[in-house]
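Shown next, in structure tokens, is the structure this report addresses.
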Amino acid sequence: MTGEKRNILLIYTGGTIGMMKDYTSGSLKAFDFSQLLKNIPELNQLDCTISSYSFDQPIDSSNMNPTHWVAISDIIAEKYDEYDGFVVLHGSDTMSYTASALSFLLENLSKPVILTGSQLPIGDLRTDAKENLITAIQIAALEKNGKAIIQEVGLYFEYKLYRGNRTTKINAEHFKAFASLNYPHLIESGVHLSIFNEYLLSQKRNIKLKPHRNMDNNVAILKIFPGINKNIIDAILGAENLKALVLETYGSGNAPMEIWFLERLKSAIKNGIHIINVTQCSGGSVMMGHYETSSKLKKMQVINGKDITTESAITKAMYLLGSDVSHDLFKTVFETSLRGEML
């Protein structure tokens, strides 16, 4: 497709970016994306053709769930051969979860899927929505010799493109709402787009996209804190049908060494529950066995989450539980980087 305009599909799921202020009532209302080029004429300067698809009912990102993730993945899979890139507009609160989930659901992805949103509505005077939207589309249209430069799920916000499954929302008020503390950003937007090719994922062979549709949400997250008691642990580990627990530990993977705590984890693993050790620190990695307070977790075969984010860990667990990975192989597969989500 060298020399031809790139075809980009804009998928609006909901979120602040798709809202405009009704200056009569002062309330926010959903933006009509069929009027996109009329309302944002700057998009006409982009060397690509833009189509849009909107969910019938915009979803507040706080209401996002695995069913919606599969729906977004299905749209991309269905339109995959028609478009060169995809931009998903999404509320910022759970954007990192959705970006992580899509990275797992879209196996063999060789085209860009860029998530973006905004802190202020698109019609607001000081909005960050226009820059985020315009640059996300521009990034989705990047190509070299007819091939997409970005061949993974990315998240673009405030002048930087990150690998989606490496991101975490760090601020509810600043325009710089996201960070990727354990992996460098992929593109930086300034006067020019600076592309850091050495950090990009790319398909070595021309492999057909393999979308997945099953995610098992029988999972939980438990953040360890000083003074955590038996009743809390028992309530979570005793939850009906629980299959995997993401355990947010201290520092490099450390946890209390009380006998009762270790015995409960050991019993849960014996009963078939996968325990995944991730650090509750914003950045850094789990290194089980580095300190005595994590060596016993390592001995009982707790899964090493390494430098994975909590958002990526929970969605990866849902994905693996919903796939055909056997119970015995779950630990090995989880500890393996599938989409660049961990070292």
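Letters A, B, ... go to the chains of the structure tokens in the order shown; residues in each chain start at 1; ligands are counted from 1 in the same order.
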Exercise. Using only C-alpha atoms, determine which residues lie at most 12 Å from A:Glu258, disregarding the query and same-chain residues fewer than 4 positions distant; provide the list as a PyMOL selection string.
Key: chain A and resi 226-230+262-265+293+296
Store the residues picked out above in a file with all heavy atoms, as an mmCIF file, in the first residue's frame.
```cif
data_model
loop_
_atom_site.group_PDB
_atom_site.id
_atom_site.type_symbol
_atom_site.label_atom_id
_atom_site.label_comp_id
_atom_site.auth_asym_id
_atom_site.auth_seq_id
_atom_site.Cartn_x
_atom_site.Cartn_y
_atom_site.Cartn_z
ATOM 1 N N PRO A 226 0.637 -3.835 56.300
ATOM 2 C CA PRO A 226 0.958 -4.186 57.682
ATOM 3 C C PRO A 226 -0.324 -4.312 58.515
ATOM 4 O O PRO A 226 -1.180 -3.427 58.499
ATOM 5 C CB PRO A 226 1.785 -2.978 58.163
ATOM 6 C CG PRO A 226 2.354 -2.399 56.921
ATOM 7 C CD PRO A 226 1.295 -2.585 55.871
ATOM 8 N N GLY A 227 -0.460 -5.456 59.164
ATOM 9 C CA GLY A 227 -1.643 -5.681 59.991
ATOM 10 C C GLY A 227 -2.739 -6.452 59.298
ATOM 11 O O GLY A 227 -3.813 -6.671 59.877
ATOM 12 N N ILE A 228 -2.499 -6.892 58.066
ATOM 13 C CA ILE A 228 -3.515 -7.695 57.378
ATOM 14 C C ILE A 228 -3.805 -8.946 58.215
ATOM 15 O O ILE A 228 -2.894 -9.558 58.763
ATOM 16 C CB ILE A 228 -3.055 -8.064 55.946
ATOM 17 C CG1 ILE A 228 -4.232 -8.606 55.136
ATOM 18 C CG2 ILE A 228 -1.884 -9.040 55.948
ATOM 19 C CD1 ILE A 228 -3.957 -8.700 53.641
ATOM 20 N N ASN A 229 -5.086 -9.293 58.342
ATOM 21 C CA ASN A 229 -5.421 -10.378 59.267
ATOM 22 C C ASN A 229 -5.984 -11.609 58.570
ATOM 23 O O ASN A 229 -6.274 -11.601 57.368
ATOM 24 C CB ASN A 229 -6.377 -9.877 60.354
ATOM 25 C CG ASN A 229 -7.718 -9.446 59.788
ATOM 26 O OD1 ASN A 229 -8.383 -10.192 59.094
ATOM 27 N ND2 ASN A 229 -8.124 -8.206 60.105
ATOM 28 N N LYS A 230 -6.129 -12.657 59.351
ATOM 29 C CA LYS A 230 -6.552 -13.960 58.830
ATOM 30 C C LYS A 230 -7.920 -13.900 58.164
ATOM 31 O O LYS A 230 -8.159 -14.566 57.150
ATOM 32 C CB LYS A 230 -6.586 -14.985 59.969
ATOM 33 C CG LYS A 230 -5.248 -15.212 60.636
ATOM 34 C CD LYS A 230 -5.391 -16.146 61.836
ATOM 35 C CE LYS A 230 -4.080 -16.287 62.603
ATOM 36 N NZ LYS A 230 -4.216 -17.152 63.793
ATOM 37 N N LEU A 262 1.654 -17.976 55.486
ATOM 38 C CA LEU A 262 2.308 -18.881 54.544
ATOM 39 C C LEU A 262 1.521 -20.179 54.366
ATOM 40 O O LEU A 262 1.402 -20.706 53.251
ATOM 41 C CB LEU A 262 3.727 -19.193 55.022
ATOM 42 C CG LEU A 262 4.692 -17.993 55.080
ATOM 43 C CD1 LEU A 262 6.009 -18.404 55.723
ATOM 44 C CD2 LEU A 262 4.929 -17.432 53.683
ATOM 45 N N GLU A 263 0.952 -20.677 55.465
ATOM 46 C CA GLU A 263 0.160 -21.909 55.387
ATOM 47 C C GLU A 263 -1.076 -21.728 54.518
ATOM 48 O O GLU A 263 -1.469 -22.631 53.779
ATOM 49 C CB GLU A 263 -0.241 -22.375 56.792
ATOM 50 C CG GLU A 263 0.913 -22.956 57.602
ATOM 51 C CD GLU A 263 1.510 -24.197 56.951
ATOM 52 O OE1 GLU A 263 0.755 -24.980 56.331
ATOM 53 O OE2 GLU A 263 2.744 -24.385 57.060
ATOM 54 N N ARG A 264 -1.692 -20.563 54.598
ATOM 55 C CA ARG A 264 -2.885 -20.305 53.792
ATOM 56 C C ARG A 264 -2.542 -20.208 52.308
ATOM 57 O O ARG A 264 -3.286 -20.699 51.457
ATOM 58 C CB ARG A 264 -3.590 -19.033 54.283
ATOM 59 C CG ARG A 264 -4.465 -19.303 55.505
ATOM 60 C CD ARG A 264 -4.811 -18.028 56.256
ATOM 61 N NE ARG A 264 -5.820 -18.265 57.283
ATOM 62 C CZ ARG A 264 -5.578 -18.829 58.461
ATOM 63 N NH1 ARG A 264 -4.345 -19.231 58.758
ATOM 64 N NH2 ARG A 264 -6.547 -19.007 59.348
ATOM 65 N N LEU A 265 -1.424 -19.578 51.986
ATOM 66 C CA LEU A 265 -0.999 -19.523 50.585
ATOM 67 C C LEU A 265 -0.678 -20.921 50.065
ATOM 68 O O LEU A 265 -1.067 -21.291 48.949
ATOM 69 C CB LEU A 265 0.226 -18.616 50.429
ATOM 70 C CG LEU A 265 0.049 -17.116 50.662
ATOM 71 C CD1 LEU A 265 1.339 -16.383 50.307
ATOM 72 C CD2 LEU A 265 -1.115 -16.544 49.878
ATOM 73 N N THR A 293 12.289 -12.828 53.188
ATOM 74 C CA THR A 293 10.841 -12.636 53.210
ATOM 75 C C THR A 293 10.155 -12.966 51.886
ATOM 76 O O THR A 293 8.940 -12.830 51.769
ATOM 77 C CB THR A 293 10.503 -11.182 53.608
ATOM 78 O OG1 THR A 293 11.357 -10.293 52.891
ATOM 79 C CG2 THR A 293 10.673 -10.973 55.106
ATOM 80 N N LYS A 296 10.516 -18.067 50.846
ATOM 81 C CA LYS A 296 9.529 -19.118 51.108
ATOM 82 C C LYS A 296 8.406 -19.111 50.073
ATOM 83 O O LYS A 296 7.823 -20.154 49.764
ATOM 84 C CB LYS A 296 8.977 -18.979 52.521
ATOM 85 C CG LYS A 296 10.030 -19.306 53.580
ATOM 86 C CD LYS A 296 9.486 -19.292 54.990
ATOM 87 C CE LYS A 296 10.594 -19.657 55.988
ATOM 88 N NZ LYS A 296 10.125 -19.611 57.389
#
```
Exercise. Per DSSP on the backbone, filter stretch 88-198 of chain A down to the residues in helix (DSSP H, G or I) and report them as a count of residues only.
Key: 28
Quiz prompt | Contact residues around stretch 152-166 of chain A with only C-alpha atoms at 9 Å, ignoring same-chain residues under 5 positions, as a PyMOL selection string | solution = chain A and resi 95-104+106+108-118+128+131-133+135-136+139+175-190+200-202+308-309+311-312+339-342
Practice problem: Might you pull out every residue within 12 Å of A:Gly272, with only C-alpha atoms counted and same-chain residues fewer than 4 positions away left off, and present them as a VMD selection string? | Solution: chain A and resid 237 241 to 245 265 to 268 301 to 302 326 to 328 330 to 331
Store the residues of this selection in a file with N, CA and C atoms, as a CSV table (one decimal), in the first residue's frame.
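Done, and the output landed in out-v2.csv:
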```csv
chain,number,residue,atom,x,y,z
A,237,LEU,N,-9.3,-15.9,49.7
A,237,LEU,CA,-8.9,-17.2,49.2
A,237,LEU,C,-10.1,-18.2,49.2
A,241,ASN,N,-15.1,-20.3,43.4
A,241,ASN,CA,-14.6,-20.4,42.1
A,241,ASN,C,-13.3,-19.6,41.8
A,242,LEU,N,-12.7,-19.1,42.9
A,242,LEU,CA,-11.4,-18.3,42.7
A,242,LEU,C,-10.4,-19.2,42.0
A,243,LYS,N,-9.8,-18.7,40.9
A,243,LYS,CA,-8.8,-19.5,40.2
A,243,LYS,C,-7.4,-18.9,40.2
A,244,ALA,N,-7.3,-17.6,40.4
A,244,ALA,CA,-6.0,-16.9,40.4
A,244,ALA,C,-6.1,-15.7,41.3
A,245,LEU,N,-5.0,-15.5,42.0
A,245,LEU,CA,-4.9,-14.3,42.9
A,245,LEU,C,-3.6,-13.5,42.6
A,265,LEU,N,-1.4,-19.6,52.0
A,265,LEU,CA,-1.0,-19.5,50.6
A,265,LEU,C,-0.7,-20.9,50.1
A,266,LYS,N,0.0,-21.7,50.9
A,266,LYS,CA,0.4,-23.1,50.5
A,266,LYS,C,-0.8,-23.9,50.3
A,267,SER,N,-1.8,-23.8,51.1
A,267,SER,CA,-3.0,-24.5,51.0
A,267,SER,C,-3.8,-24.1,49.7
A,268,ALA,N,-3.8,-22.8,49.5
A,268,ALA,CA,-4.5,-22.3,48.3
A,268,ALA,C,-3.9,-22.9,47.0
A,301,GLN,N,6.3,-22.3,45.1
A,301,GLN,CA,6.0,-22.2,43.7
A,301,GLN,C,4.9,-21.1,43.4
A,302,VAL,N,5.0,-20.0,44.2
A,302,VAL,CA,4.3,-18.8,43.8
A,302,VAL,C,4.8,-18.3,42.5
A,326,SER,N,-3.0,-25.5,30.1
A,326,SER,CA,-3.3,-26.5,31.2
A,326,SER,C,-2.9,-25.9,32.5
A,327,HIS,N,-3.5,-26.4,33.6
A,327,HIS,CA,-3.2,-25.9,34.9
A,327,HIS,C,-1.7,-26.1,35.2
A,328,ASP,N,-1.2,-27.2,34.8
A,328,ASP,CA,0.2,-27.4,35.2
A,328,ASP,C,1.2,-26.5,34.4
A,330,PHE,N,0.4,-23.4,33.5
A,330,PHE,CA,0.0,-22.0,33.8
A,330,PHE,C,1.2,-21.1,34.3
A,331,LYS,N,1.9,-21.7,35.3
A,331,LYS,CA,3.0,-20.9,35.9
A,331,LYS,C,4.1,-20.6,34.8
```
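Put simply, atom CA of A:Asp93 is 19.5 Å away from atom CA of A:Leu10.
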Self-check item: Non-local contacts of stretch 333-338 of chain A (8 Å; only C-alpha atoms; under 5 positions in same chain excluded) as a count of residues only
Solution: 10
Quiz prompt | Contact residues around stretch 19-31 of chain A with only C-alpha atoms at 8 Å, ignoring same-chain residues under 6 positions, as a PyMOL selection string | solution = chain A and resi 58+121-124
